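Trainee: My questions all concern the structure below.
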Amino acid sequence: MSKNFTFLIIALSVLSLILGSCSKKEDVAKYVTTSLENEWTITPSKKLEVSGKDISSAEFDTNKWTKAKVPGTVLANLVEQGVYTNIFVDSNFDKIDREQFKGSWWYRKDFDISKSELSNYNLVFEGINYKANIWLNGKQIASATDVESPYRMFTFNVTESLVLGKNVLAVEVFPPAKDDLTIGFVDWNPEPSDRNMGIWRPVKIVETGKVALLNPQVISKLNLTTLKEADITVSTELVNYSDKEKTVVVSGKIENIIFEKEVKLEPKSSKVIEFNSESNPHLKLGNPRLWWPNGLGEPNLYNLSLKVTDSEIISDKKEIRFGIRDIEEYVNKQGHKGWKVNGKKVLIKGAGWVDDILLNDDDQKVIDQLNYVKHMNLNTVRLEGFWGKNKTLFNKCDELGLLVMIGWSCQWEWSDYCGRPELDTFMSITTDHDMEVQTQGYADQVTWLRNHPSVFMWVFGSDKLPLTKLEGMLNKTITELDGTRPILSSCKDQNSELTGPSRVKMEGPYGYVTPNYWYIDEQFGGAFGFNTETGPGPQIPPIESLRKMLSEKSIWPMGEDWKYHLGRNEFHSLDRYMRAFDARYGKSNSVEDFARVSQMSNYEAIRPMFEAFAVNKFEATGVIQWMLNSAWPEMFWQLYDYYLMPTGAFYGTMKSAQTVNMIYNYGDKGVYVTNELFEAQKNMTAEVKVFDINSKELLTKTIKTDIAENSSAKILDIPNLKNITTTYFVHVSLKDANSNEIVNQIYWLTTGEETFDWDKTYFVNTPNKTFGSLKGLRTMPKANVENKVSFTDEVDQTVVTVELKNKSNKIAFFIEMQVNNKDKNESILPVFWNDNYVTLLPNETRVFTAKVAKTEHSKLEVKFN
C-alpha cells in the first residue's frame, strides 16, 4: 500500500469522525436561555384592523411601527426613540398625551430558532403590565383573561408552536384600568401617562432537553450557638416533558462537595427532589463562610451547579448563587420587633428604593445606586413594591451585604391611587379573583427571589393589612415556598386576627422636623421601635441638578414648576420646609444661595434621625429613611438625586451610620459613643470641643473610653456655657487604640429653644412652635483655605486626592468639593468621596479622597464651594 493511499485513508477517517461529531452535536439537546431583548416594534392597536393571527405571521409588515426593546414600557420606548424629548424639564412630563395609552398596544418580535427534536422550549414572561393576549406564529397561546397583573410570571411550553428558522411573537398589552392593582408611585411623583403599561421585565426562550430543572432552591440551617456548622438542603422540581418514562441522574456541586441521585419520572410528569445532610453528610458544612450585612462582616457567597443527565447527555443545567445566613425576629422589652442576622441583633439602617419613573433604569445605574447605599454605611433597602426590571438589584445587594425588605405598595390601599373604595385597616384586595391573582403573583416573586440571601423579610401591607382571608392564603403559600424568612403583615402598627400585632410603626414624620425631634419624641416617629418609613421631608438637590430640571424662566423665584417636582397631595408644597428654613437659616435671595444652604439643612436634618436610633439601640431596632432615591428629578425624599448627585443628606447619612461612631445627642446635650460591631472597641480616645460662631474655643474635653460590643453609651454631658453665641459648634472626634482617627464630626447648633406643638401632630409631621436661629452661619468670619489636588488611577477608577489646609484661626465651614469634567463643565457622577461638605477647625489640615470612573487627568478639575 502506498504512503499516499495510507494518508488518504487516515484523512477520510478523521473527516468522518469530525462530521460524525458535528452531526451528533446537532442532535444533542441544549440547555440555553435566550433573552428576547432587542429589535422589537410597537404600535397602538387602534391603528390596526387585523388580528393577532395576522400580526404574528412571518409576512406581516411592521416597517411603520416604532422600534422598541424589552424590558421596556410603551412610554419608555417612545422616549428612547425620540418621540418625546426633555420630558423632565419644568412640567413637560404632564404634557404627554394620555389618550394614546387608553387602548392596547402591540409588541412584536422576530427571532430565529435552530430547533432540535430533542429539545423542549419554554417561553417565559417575567412581567407584563397589565394584561395581555399572546400570539406565536399565528396561534394564540394565552389570553388576557389569564395573563393579568404585573407581578405574575408566566411560562408557556411552546415546543410544538416553534418552527425551525424564523418565528414571530406578538403580544397585545392592555393598560391597567382605573381600579386595577398595578405598579404605582403613590404620592412620590407624577403618574406616567401610560401608567407603565408594557412588557416591563424580560422575555426569554428557555431551551432544555426533555427533562428540565425548575425553581431550584438552597436552604441553609446555621448552628446559632457556635456559627461553626451549617446544614445545606438543595431541592428542585424535575419535569419530564416527553411522552416516555425517563430515568435520569440529578447531580450537584458546591465547591468540592458533590452529590447525586437517580430519579425515575413518568411520562409528562414532575416531582420535587431533595438533597440534605442526612442522606448526603457532605452537605453538613464545617466552618461555613457566612453572609453578613454591610459593615458587620463579609457577605460571603457560594455557587451551586445543578444538572440533570438523561442517557449520559446533560438535559438541563442551572447555576445558583446563595449565601449561608440565618434571619430571625425578636421582640424587645418595650414590645417592639427587631431582627437578628446569624443570631446577632442588627440595627436596621435603611432607605426606601424606587425604580425609574418609566421603569427604565439601566443595570449600571442600579449598581451605582447600590454602591452609594454601601458607601453611606447603610445596611438595608426597603422596596415598597416589587421593584427591579430584572435581578440586577438583588444580585448586587447579595454582593454588597445589603438587606432587602420587600412587599406590596400602599398604592393598593388608597382610593386616590388604586381607584377602589378604601377600607379602614385593610388593603383594597377584596374579591376572590383578586385574592387568587395577587397570591399567585406574590408566590411568583417569592420563587424568583428566595435564593437571594439579601432578601430578609416578606411584607404584605404597607399602611394596612390584607383581609384575613387573603393573609391566610398568603401565609400558607409563602411558608410552603420558603419558610426561612419572617413575614410582616403590615409596615404600620396593625393587629392581625391571624398573626397578632405587627409590632412595627409608621407614624411619620414625612415632612421637616428640627433635629431634636428624633431624641425627644416618645409617641410617634422618634427613636424607638422599628420605624418602617420616615424622614425629614424635602431634600433639595444642588444647583447643578436644579438647572437640569428647571428652565431659566422657572428656576427662580419658586413657582408652579417647582411644585411639579415635589410630591403629590400633602407633599405638593415646600411651605413647611420654608417656614423652618427661613426662621433658622434666613431667607435666600437667589436660587444659588438657596441650593447651597439647603445642603446644610439636608445634612443637619437627616443626621440626627439615624444617630438617635443608634444611641437608643435596642429600644430602637431600626429606621428606614423615606426615601433613598427618586424615580425622576425632584426635591423630596432623596439622599442623592435622579442624576446621582449626592445631596447634603447623603453625607449626613454617611456620617451618622458609621458602625463605630461618636454622636451629639440633641435631646439631652450629651455625647455618646456607639458600636455596632460584635466585638468591643478598647482604648479609644474621644475628644469634644465647643466653639462659638467666631471660632473661639470654649471647651475641650479628652476622654479615654472602651465601647462594649453592639452597644451605646454616654461619655459626656456638655455643660451650659456662659456668653456663648446664638449659633455655635460642637466638634467630636474619636481615635482607636492605634491613634487612627475613625470619627470626625461637627454639629452646628443654636441656643434657641426648638419646641413642638404635639397636639397638632399628624402623619406628615409634628409642627414646631418655636425655632432656634442658625443665621450666624451666614455672617461668620471667613477662613483662608489652601488646597492641593492630585490624580492617580486604580484599574477602572481615578482617585482624586485633595489636601485642604486652613491657614487661619477661623473655622472653615461646610466646604463642598466637586469633581468636574472640564470639557463638559459638569460633575462626574457617581462620585465616592470619603467625606464632603467638610469643616476644618482653625489651622487644621485634612486630606480627602474621591473615586470616579477612570478619566483622563487633563479633563479633571476639583471645584470648591
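If you're wondering about the labels, chains in the C-alpha cells are A, B, ... by order shown, residues count from 1 in each chain, ligands from 1 in order shown.
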Any idea what's packed within 6 Å of segment 529-536 of chain A, counting only C-alpha atoms, ignoring anything in its chain fewer than 6 positions away? Could you give it as number ranges by chain?
Mentor: A: 336, 491, 504-506, 508-513, 620-626
Trainee: Can you write just those residues out, N, CA and C atoms, as a short mmCIF file (atom, residue, chain, number, x, y, z; two decimals), in the first residue's frame?
Mentor:
data_model
loop_
_atom_site.label_atom_id
_atom_site.label_comp_id
_atom_site.auth_asym_id
_atom_site.auth_seq_id
_atom_site.Cartn_x
_atom_site.Cartn_y
_atom_site.Cartn_z
N HIS A 336 -41.39 46.03 70.93
CA HIS A 336 -41.10 46.36 69.54
C HIS A 336 -40.35 45.22 68.86
N CYS A 491 -46.52 47.23 57.55
CA CYS A 491 -45.44 48.10 57.99
C CYS A 491 -45.91 49.14 59.00
N VAL A 504 -44.38 46.98 64.63
CA VAL A 504 -43.54 48.00 63.99
C VAL A 504 -44.40 49.26 63.88
N LYS A 505 -43.82 50.35 63.38
CA LYS A 505 -44.60 51.58 63.34
C LYS A 505 -44.38 52.34 62.04
N MET A 506 -45.38 53.14 61.72
CA MET A 506 -45.35 54.03 60.57
C MET A 506 -46.15 55.27 60.96
N GLY A 508 -44.85 58.45 60.72
CA GLY A 508 -44.19 59.63 60.22
C GLY A 508 -42.98 59.95 61.09
N PRO A 509 -42.45 61.15 60.97
CA PRO A 509 -42.86 62.20 60.05
C PRO A 509 -42.37 61.94 58.63
N TYR A 510 -42.97 62.66 57.68
CA TYR A 510 -42.55 62.65 56.29
C TYR A 510 -42.15 64.06 55.85
N GLY A 511 -42.43 65.03 56.70
CA GLY A 511 -42.08 66.42 56.44
C GLY A 511 -41.04 66.90 57.43
N TYR A 512 -40.60 68.12 57.26
CA TYR A 512 -39.48 68.64 58.05
C TYR A 512 -39.78 68.68 59.54
N VAL A 513 -38.81 68.24 60.33
CA VAL A 513 -38.81 68.44 61.78
C VAL A 513 -37.40 68.86 62.18
N ALA A 620 -34.61 51.10 70.32
CA ALA A 620 -34.83 51.38 68.90
C ALA A 620 -34.20 50.25 68.10
N THR A 621 -34.96 49.66 67.20
CA THR A 621 -34.45 48.48 66.47
C THR A 621 -34.15 48.77 65.01
N GLY A 622 -34.61 49.92 64.49
CA GLY A 622 -34.28 50.23 63.11
C GLY A 622 -35.08 51.37 62.56
N VAL A 623 -34.59 51.92 61.43
CA VAL A 623 -35.27 53.04 60.79
C VAL A 623 -35.02 52.98 59.29
N ILE A 624 -36.07 53.27 58.52
CA ILE A 624 -35.99 53.36 57.06
C ILE A 624 -36.25 54.80 56.66
N GLN A 625 -35.24 55.46 56.10
CA GLN A 625 -35.40 56.81 55.58
C GLN A 625 -36.31 56.78 54.36
N TRP A 626 -37.31 57.69 54.36
CA TRP A 626 -38.21 57.80 53.22
C TRP A 626 -37.83 59.04 52.43
#
Trainee: Would you list the contacts of Lys769 of chain A as a list in words, taking every protein, DNA or RNA residue within 10 Å and counting only C-alpha atoms, but skipping same-chain residues closer than 3 positions in sequence?
Mentor: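 Final neighbour list, sorted by chain and number: Glu753, Glu754, Thr755, Phe756, Asp757, Trp758 and Thr766 of chain A.
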Trainee: Can you write out the residues you just picked, keeping N, CA, C and O atoms, as a CSV table (one decimal), in the first residue's frame?
Mentor:
chain,number,residue,atom,x,y,z
A,753,GLU,N,-34.5,77.8,71.8
A,753,GLU,CA,-35.3,76.7,72.1
A,753,GLU,C,-36.2,76.2,70.9
A,753,GLU,O,-36.9,77.1,70.3
A,754,GLU,N,-36.2,75.0,70.6
A,754,GLU,CA,-37.0,74.5,69.5
A,754,GLU,C,-38.0,73.5,70.0
A,754,GLU,O,-37.7,72.4,70.5
A,755,THR,N,-39.2,73.9,70.1
A,755,THR,CA,-40.3,73.2,70.7
A,755,THR,C,-41.4,72.8,69.7
A,755,THR,O,-41.4,73.3,68.6
A,756,PHE,N,-42.2,71.8,70.1
A,756,PHE,CA,-43.2,71.2,69.2
A,756,PHE,C,-44.6,71.4,69.7
A,756,PHE,O,-44.9,71.4,70.9
A,757,ASP,N,-45.5,71.5,68.7
A,757,ASP,CA,-46.9,71.5,69.0
A,757,ASP,C,-47.5,70.1,68.9
A,757,ASP,O,-48.0,69.7,67.9
A,758,TRP,N,-47.3,69.3,69.9
A,758,TRP,CA,-47.6,67.9,69.8
A,758,TRP,C,-49.0,67.6,69.5
A,758,TRP,O,-49.4,66.6,68.9
A,766,THR,N,-44.9,66.7,63.0
A,766,THR,CA,-45.3,67.5,64.2
A,766,THR,C,-44.7,68.9,64.0
A,766,THR,O,-43.5,69.1,63.9
Trainee: At a cut-off of 7 Å, using only C-alpha atoms, what residues contact Phe864 of chain A? Leave out same-chain residues fewer than 3 positions from it and give the result as a count of residues only.
Mentor: 4
Trainee: For segment 514-522 of chain A, work out the shell of residues within 10 Å, counting only C-alpha atoms and skipping chain neighbours fewer than 4 positions away, then give it as a PyMOL selection string.
Mentor: chain A and resi 509+526-528+535-536+580+584+601+604-613+615-616+665-669+749+754-756+758+766-768+770-772
Trainee: Keeping only C-alpha atoms, write those residues as a PDB file, in the first residue's frame.
Mentor:
ATOM      1  CA  PRO A 509     -42.863  62.197  60.045  1.00  0.00           C
ATOM      2  CA  GLY A 526     -38.950  59.150  67.338  1.00  0.00           C
ATOM      3  CA  ALA A 527     -36.113  56.769  68.066  1.00  0.00           C
ATOM      4  CA  PHE A 528     -37.888  53.744  69.497  1.00  0.00           C
ATOM      5  CA  GLY A 535     -37.704  61.174  57.329  1.00  0.00           C
ATOM      6  CA  PRO A 536     -37.306  64.940  57.479  1.00  0.00           C
ATOM      7  CA  ALA A 580     -38.341  76.326  59.154  1.00  0.00           C
ATOM      8  CA  ARG A 584     -33.494  79.000  61.175  1.00  0.00           C
ATOM      9  CA  SER A 601     -30.277  71.891  56.138  1.00  0.00           C
ATOM     10  CA  GLU A 604     -28.398  68.699  59.633  1.00  0.00           C
ATOM     11  CA  ALA A 605     -31.902  67.208  59.341  1.00  0.00           C
ATOM     12  CA  ILE A 606     -31.026  63.634  58.334  1.00  0.00           C
ATOM     13  CA  ARG A 607     -28.015  63.000  60.585  1.00  0.00           C
ATOM     14  CA  PRO A 608     -29.829  63.013  63.961  1.00  0.00           C
ATOM     15  CA  MET A 609     -32.509  60.635  62.668  1.00  0.00           C
ATOM     16  CA  PHE A 610     -30.082  57.792  62.105  1.00  0.00           C
ATOM     17  CA  GLU A 611     -27.945  58.767  65.090  1.00  0.00           C
ATOM     18  CA  ALA A 612     -30.851  58.808  67.533  1.00  0.00           C
ATOM     19  CA  PHE A 613     -31.762  55.236  66.612  1.00  0.00           C
ATOM     20  CA  VAL A 615     -27.947  55.989  70.516  1.00  0.00           C
ATOM     21  CA  ASN A 616     -31.183  54.297  71.628  1.00  0.00           C
ATOM     22  CA  ASN A 665     -27.482  63.978  71.351  1.00  0.00           C
ATOM     23  CA  TYR A 666     -29.825  66.904  70.591  1.00  0.00           C
ATOM     24  CA  GLY A 667     -32.177  65.721  73.331  1.00  0.00           C
ATOM     25  CA  ASP A 668     -30.020  65.666  76.446  1.00  0.00           C
ATOM     26  CA  LYS A 669     -26.979  67.560  75.061  1.00  0.00           C
ATOM     27  CA  LEU A 749     -26.242  74.316  66.993  1.00  0.00           C
ATOM     28  CA  GLU A 754     -36.959  74.457  69.467  1.00  0.00           C
ATOM     29  CA  THR A 755     -40.317  73.195  70.700  1.00  0.00           C
ATOM     30  CA  PHE A 756     -43.181  71.233  69.161  1.00  0.00           C
ATOM     31  CA  TRP A 758     -47.574  67.877  69.848  1.00  0.00           C
ATOM     32  CA  THR A 766     -45.282  67.483  64.189  1.00  0.00           C
ATOM     33  CA  PRO A 767     -45.094  71.246  63.610  1.00  0.00           C
ATOM     34  CA  ASN A 768     -42.668  73.357  65.577  1.00  0.00           C
ATOM     35  CA  THR A 770     -40.581  77.718  68.059  1.00  0.00           C
ATOM     36  CA  PHE A 771     -37.332  77.657  66.106  1.00  0.00           C
ATOM     37  CA  GLY A 772     -33.789  78.484  67.071  1.00  0.00           C
TER      38      GLY A 772
END
Trainee: Please identify all polymer residues within 12 Å of Gln364 of chain A, counting only C-alpha atoms, omitting same-chain residues fewer than 2 positions from it, and present them as a VMD selection string.
Mentor: chain A and resid 360 to 362 366 to 371 392 to 393 396 644 829 to 830
Trainee: Could you please take those selected residues and save N, CA, C and O atoms as a CSV table (one decimal), in the first residue's frame?
Mentor:
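As a result, selection.csv now contains:
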chain,number,residue,atom,x,y,z
A,360,ASN,N,-37.2,52.2,33.7
A,360,ASN,CA,-36.2,52.1,32.6
A,360,ASN,C,-34.7,52.3,33.1
A,360,ASN,O,-33.9,52.7,32.4
A,361,ASP,N,-34.5,52.0,34.4
A,361,ASP,CA,-33.1,52.1,34.9
A,361,ASP,C,-32.2,51.1,34.1
A,361,ASP,O,-32.6,49.9,34.0
A,362,ASP,N,-31.1,51.5,33.7
A,362,ASP,CA,-30.1,50.5,33.1
A,362,ASP,C,-29.4,49.9,34.3
A,362,ASP,O,-29.4,50.4,35.4
A,366,VAL,N,-28.4,51.0,38.4
A,366,VAL,CA,-28.8,50.3,39.6
A,366,VAL,C,-27.6,50.0,40.5
A,366,VAL,O,-27.6,50.1,41.7
A,367,ILE,N,-26.6,49.5,39.8
A,367,ILE,CA,-25.3,49.1,40.5
A,367,ILE,C,-24.7,50.3,41.2
A,367,ILE,O,-24.3,50.3,42.4
A,368,ASP,N,-24.7,51.4,40.5
A,368,ASP,CA,-24.1,52.7,41.1
A,368,ASP,C,-24.9,53.1,42.3
A,368,ASP,O,-24.3,53.5,43.3
A,369,GLN,N,-26.2,53.0,42.3
A,369,GLN,CA,-27.0,53.4,43.4
A,369,GLN,C,-26.8,52.5,44.6
A,369,GLN,O,-26.7,53.0,45.7
A,370,LEU,N,-26.7,51.2,44.4
A,370,LEU,CA,-26.4,50.3,45.5
A,370,LEU,C,-25.0,50.5,46.1
A,370,LEU,O,-24.8,50.3,47.3
A,371,ASN,N,-24.1,50.8,45.2
A,371,ASN,CA,-22.8,51.2,45.7
A,371,ASN,C,-22.8,52.4,46.6
A,371,ASN,O,-22.1,52.5,47.6
A,392,THR,N,-30.8,42.5,38.6
A,392,THR,CA,-29.5,43.2,38.9
A,392,THR,C,-29.6,43.8,40.4
A,392,THR,O,-28.6,43.7,41.1
A,393,LEU,N,-30.7,44.3,40.8
A,393,LEU,CA,-30.8,44.9,42.1
A,393,LEU,C,-30.5,43.9,43.2
A,393,LEU,O,-29.7,44.1,44.1
A,396,LYS,N,-26.8,42.5,43.2
A,396,LYS,CA,-25.8,43.4,43.7
A,396,LYS,C,-26.0,43.5,45.3
A,396,LYS,O,-25.0,43.7,46.0
A,644,LEU,N,-27.9,61.1,40.1
A,644,LEU,CA,-26.9,60.5,41.0
A,644,LEU,C,-26.0,61.5,41.7
A,644,LEU,O,-24.9,61.2,42.2
A,829,LEU,N,-20.3,61.8,37.8
A,829,LEU,CA,-21.2,61.0,38.7
A,829,LEU,C,-21.3,59.6,38.2
A,829,LEU,O,-21.3,59.4,36.9
A,830,PRO,N,-21.4,58.6,39.0
A,830,PRO,CA,-21.4,58.7,40.5
A,830,PRO,C,-20.0,59.1,41.0
A,830,PRO,O,-19.0,58.9,40.3
Trainee: Just list the residues in segment 712-810 of chain A DSSP gives strand (DSSP E) on the backbone, as JSON, numbers by chain.
Mentor: {"A": [712, 713, 714, 715, 716, 717, 727, 728, 729, 730, 731, 732, 733, 734, 735, 741, 742, 743, 744, 745, 746, 747, 748, 749, 750, 785, 786, 787, 788, 789, 790, 791, 792, 793, 794, 797, 798, 799, 800, 801, 802, 803, 804, 805, 806]}
Trainee: Take the residues from that selection and put them in a file with N, CA and C atoms, as a tab-separated table (two decimals), in the first residue's frame.
Mentor:
chain	number	residue	atom	x	y	z
A	712	SER	N	-24.32	51.19	73.03
A	712	SER	CA	-24.29	52.65	73.01
A	712	SER	C	-24.08	53.13	74.45
A	713	ALA	N	-23.28	54.19	74.61
A	713	ALA	CA	-23.05	54.69	75.97
A	713	ALA	C	-22.74	56.18	75.94
A	714	LYS	N	-23.25	56.89	76.96
A	714	LYS	CA	-22.92	58.31	77.11
A	714	LYS	C	-21.55	58.44	77.75
A	715	ILE	N	-20.74	59.37	77.22
A	715	ILE	CA	-19.42	59.59	77.81
A	715	ILE	C	-19.23	61.00	78.34
A	716	LEU	N	-20.17	61.92	78.01
A	716	LEU	CA	-20.01	63.29	78.47
A	716	LEU	C	-21.32	64.04	78.42
A	717	ASP	N	-21.58	64.84	79.45
A	717	ASP	CA	-22.64	65.85	79.40
A	717	ASP	C	-21.97	67.20	79.15
A	727	THR	N	-25.52	81.01	67.58
A	727	THR	CA	-25.11	79.86	66.76
A	727	THR	C	-23.72	79.44	67.21
A	728	TYR	N	-23.52	78.16	67.44
A	728	TYR	CA	-22.21	77.69	67.92
A	728	TYR	C	-21.96	76.28	67.39
A	729	PHE	N	-20.78	75.74	67.70
A	729	PHE	CA	-20.38	74.44	67.15
A	729	PHE	C	-19.94	73.49	68.26
A	730	VAL	N	-20.27	72.21	68.06
A	730	VAL	CA	-19.70	71.12	68.86
A	730	VAL	C	-18.97	70.20	67.90
A	731	HIS	N	-17.68	70.01	68.16
A	731	HIS	CA	-16.86	69.13	67.33
A	731	HIS	C	-16.49	67.89	68.13
A	732	VAL	N	-16.68	66.71	67.54
A	732	VAL	CA	-16.33	65.46	68.22
A	732	VAL	C	-15.41	64.65	67.33
A	733	SER	N	-14.45	63.97	67.94
A	733	SER	CA	-13.56	63.09	67.18
A	733	SER	C	-13.22	61.89	68.04
A	734	LEU	N	-12.93	60.79	67.38
A	734	LEU	CA	-12.66	59.53	68.07
A	734	LEU	C	-11.49	58.83	67.40
A	735	LYS	N	-10.53	58.41	68.22
A	735	LYS	CA	-9.37	57.68	67.71
A	735	LYS	C	-9.34	56.28	68.31
A	741	GLU	N	-7.67	58.20	63.52
A	741	GLU	CA	-8.95	58.88	63.67
A	741	GLU	C	-10.01	58.14	62.87
A	742	ILE	N	-11.08	57.72	63.54
A	742	ILE	CA	-12.15	56.99	62.86
A	742	ILE	C	-13.46	57.77	62.84
A	743	VAL	N	-13.56	58.83	63.65
A	743	VAL	CA	-14.74	59.69	63.63
A	743	VAL	C	-14.28	61.14	63.68
A	744	ASN	N	-14.88	61.98	62.85
A	744	ASN	CA	-14.62	63.42	62.89
A	744	ASN	C	-15.92	64.10	62.47
A	745	GLN	N	-16.63	64.69	63.41
A	745	GLN	CA	-17.92	65.30	63.12
A	745	GLN	C	-18.03	66.68	63.76
A	746	ILE	N	-18.77	67.55	63.08
A	746	ILE	CA	-19.07	68.86	63.66
A	746	ILE	C	-20.57	69.12	63.57
A	747	TYR	N	-21.13	69.64	64.66
A	747	TYR	CA	-22.55	69.96	64.75
A	747	TYR	C	-22.68	71.47	64.88
A	748	TRP	N	-23.54	72.08	64.06
A	748	TRP	CA	-23.85	73.50	64.20
A	748	TRP	C	-25.18	73.61	64.94
A	749	LEU	N	-25.15	74.34	66.03
A	749	LEU	CA	-26.24	74.32	66.99
A	749	LEU	C	-26.73	75.72	67.30
A	750	THR	N	-27.87	75.78	67.96
A	750	THR	CA	-28.46	77.06	68.36
A	750	THR	C	-28.81	77.03	69.84
A	785	VAL	N	-8.40	79.07	53.21
A	785	VAL	CA	-8.13	77.64	52.99
A	785	VAL	C	-7.37	77.45	51.68
A	786	GLU	N	-6.26	76.75	51.76
A	786	GLU	CA	-5.50	76.40	50.57
A	786	GLU	C	-5.80	74.95	50.22
A	787	ASN	N	-5.70	74.62	48.93
A	787	ASN	CA	-5.97	73.24	48.50
A	787	ASN	C	-4.87	72.74	47.59
A	788	LYS	N	-4.64	71.46	47.65
A	788	LYS	CA	-3.71	70.78	46.76
A	788	LYS	C	-4.42	69.54	46.22
A	789	VAL	N	-4.46	69.39	44.89
A	789	VAL	CA	-5.22	68.31	44.25
A	789	VAL	C	-4.29	67.45	43.42
A	790	SER	N	-4.49	66.13	43.50
A	790	SER	CA	-3.72	65.21	42.65
A	790	SER	C	-4.62	64.07	42.18
A	791	PHE	N	-4.21	63.41	41.08
A	791	PHE	CA	-5.00	62.33	40.49
A	791	PHE	C	-4.12	61.10	40.28
A	792	THR	N	-4.64	59.95	40.61
A	792	THR	CA	-3.98	58.67	40.31
A	792	THR	C	-5.04	57.70	39.79
A	793	ASP	N	-4.59	56.62	39.17
A	793	ASP	CA	-5.52	55.65	38.61
A	793	ASP	C	-5.42	54.31	39.32
A	794	GLU	N	-6.58	53.68	39.48
A	794	GLU	CA	-6.67	52.33	40.04
A	794	GLU	C	-7.59	51.52	39.15
A	797	GLN	N	-10.81	53.05	37.87
A	797	GLN	CA	-11.19	54.25	38.59
A	797	GLN	C	-10.06	55.27	38.62
A	798	THR	N	-10.44	56.51	38.73
A	798	THR	CA	-9.49	57.57	39.03
A	798	THR	C	-9.70	58.02	40.46
A	799	VAL	N	-8.61	58.10	41.21
A	799	VAL	CA	-8.67	58.53	42.61
A	799	VAL	C	-8.23	59.98	42.68
A	800	VAL	N	-9.09	60.80	43.25
A	800	VAL	CA	-8.82	62.22	43.43
A	800	VAL	C	-8.43	62.44	44.88
A	801	THR	N	-7.29	63.02	45.10
A	801	THR	CA	-6.83	63.32	46.47
A	801	THR	C	-6.78	64.83	46.65
A	802	VAL	N	-7.43	65.30	47.71
A	802	VAL	CA	-7.50	66.74	47.99
A	802	VAL	C	-6.96	66.98	49.40
A	803	GLU	N	-5.96	67.82	49.49
A	803	GLU	CA	-5.47	68.28	50.79
A	803	GLU	C	-6.00	69.69	51.01
A	804	LEU	N	-6.72	69.88	52.10
A	804	LEU	CA	-7.23	71.20	52.48
A	804	LEU	C	-6.47	71.67	53.72
A	805	LYS	N	-5.93	72.88	53.64
A	805	LYS	CA	-5.16	73.43	54.75
A	805	LYS	C	-5.78	74.77	55.16
A	806	ASN	N	-6.29	74.78	56.37
A	806	ASN	CA	-6.86	76.01	56.91
A	806	ASN	C	-5.71	76.86	57.47
Trainee: Enumerate, in order of chain and increasing residue number, the residues of segment 41-100 of chain A with an atom no farther than 10 Å from segment 543-561 of chain A, each with its shortest atom pair and distance in Å to one decimal, counting only C-alpha atoms, as CSV.
Mentor:
residue,atom,partner,partner_atom,distance
A:Asn86,CA,A:Met549,CA,9.0
A:Ile87,CA,A:Met549,CA,9.3
A:Phe88,CA,A:Met549,CA,6.0
A:Val89,CA,A:Met549,CA,4.6
A:Asp90,CA,A:Leu550,CA,5.0
A:Ser91,CA,A:Asp561,CA,5.9
A:Asn92,CA,A:Asp561,CA,9.5
Trainee: Residues of the last selection are to be written out with C-alpha atoms, as a CSV table (one decimal), in the first residue's frame.
Mentor:
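again-v6.csv, written as the output of this step:
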chain,number,residue,atom,x,y,z
A,86,ASN,CA,-36.8,66.9,27.6
A,87,ILE,CA,-39.7,65.2,29.4
A,88,PHE,CA,-38.3,66.0,32.9
A,89,VAL,CA,-37.8,69.8,32.3
A,90,ASP,CA,-40.4,72.0,34.1
A,91,SER,CA,-43.8,70.3,33.7
A,92,ASN,CA,-43.2,68.8,30.3
Trainee: Give the answer as one residue: which of A:Leu488, A:Ala170, A:Leu358, A:Ala783 has the shortest atom-to-atom distance to Val74 of chain A, using only C-alpha atoms?
Mentor: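 Of A:Leu488, A:Ala170, A:Leu358, A:Ala783, the one nearest Val74 of chain A, counting only C-alpha atoms, is A:Leu358.
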Trainee: How close does each residue of segment 407-488 of chain A get to segment 219-242 of chain A, giving the shortest atom pair and distance in Å to one decimal for every residue with an atom at most 10 Å away, counting only C-alpha atoms, sorted by chain and residue number, as JSON lines?
Mentor:
{"residue": "A:Arg450", "atom": "CA", "partner": "A:Ile219", "partner_atom": "CA", "distance": 9.1}
{"residue": "A:Asn451", "atom": "CA", "partner": "A:Ile219", "partner_atom": "CA", "distance": 7.8}
{"residue": "A:Pro453", "atom": "CA", "partner": "A:Ile219", "partner_atom": "CA", "distance": 9.9}
{"residue": "A:Asp482", "atom": "CA", "partner": "A:Ile219", "partner_atom": "CA", "distance": 8.7}
{"residue": "A:Gly483", "atom": "CA", "partner": "A:Ile219", "partner_atom": "CA", "distance": 9.7}
{"residue": "A:Thr484", "atom": "CA", "partner": "A:Ile219", "partner_atom": "CA", "distance": 7.7}
Trainee: Convert the current residue selection to file output with all heavy atoms, as a compact mmCIF listing (two decimals), in the first residue's frame.
Mentor:
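result-v5.txt was written with the following content:
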# COMPACT_ATOMS: atom_id res chain seq x y z
N ARG A 450 -36.15 33.77 46.28
CA ARG A 450 -35.89 33.11 47.56
C ARG A 450 -34.46 32.63 47.76
O ARG A 450 -34.04 32.37 48.89
CB ARG A 450 -36.85 31.93 47.74
CG ARG A 450 -36.70 30.83 46.70
CD ARG A 450 -37.80 29.80 46.80
NE ARG A 450 -37.68 28.77 45.76
CZ ARG A 450 -38.54 27.78 45.59
NH1 ARG A 450 -39.60 27.69 46.39
NH2 ARG A 450 -38.35 26.89 44.63
N ASN A 451 -33.65 32.53 46.70
CA ASN A 451 -32.26 32.12 46.87
C ASN A 451 -31.32 33.29 47.15
O ASN A 451 -30.12 33.10 47.32
CB ASN A 451 -31.77 31.37 45.63
CG ASN A 451 -32.36 29.98 45.53
OD1 ASN A 451 -32.48 29.27 46.52
ND2 ASN A 451 -32.77 29.59 44.34
N PRO A 453 -29.69 35.80 49.50
CA PRO A 453 -29.52 35.99 50.95
C PRO A 453 -29.87 37.40 51.40
O PRO A 453 -30.18 37.62 52.57
CB PRO A 453 -28.04 35.68 51.18
CG PRO A 453 -27.38 35.90 49.84
CD PRO A 453 -28.41 35.50 48.83
N ASP A 482 -41.15 29.01 50.92
CA ASP A 482 -39.90 29.49 51.54
C ASP A 482 -39.79 29.03 52.98
O ASP A 482 -39.13 28.06 53.28
CB ASP A 482 -39.82 31.02 51.41
CG ASP A 482 -38.54 31.58 51.98
OD1 ASP A 482 -37.54 30.86 52.02
OD2 ASP A 482 -38.53 32.75 52.40
N GLY A 483 -40.45 29.74 53.89
CA GLY A 483 -40.44 29.33 55.29
C GLY A 483 -39.15 29.65 56.02
O GLY A 483 -38.96 29.24 57.17
N THR A 484 -38.22 30.40 55.40
CA THR A 484 -36.95 30.70 56.05
C THR A 484 -36.83 32.15 56.47
O THR A 484 -35.83 32.52 57.09
CB THR A 484 -35.77 30.38 55.11
OG1 THR A 484 -35.79 31.31 54.01
CG2 THR A 484 -35.87 28.96 54.57
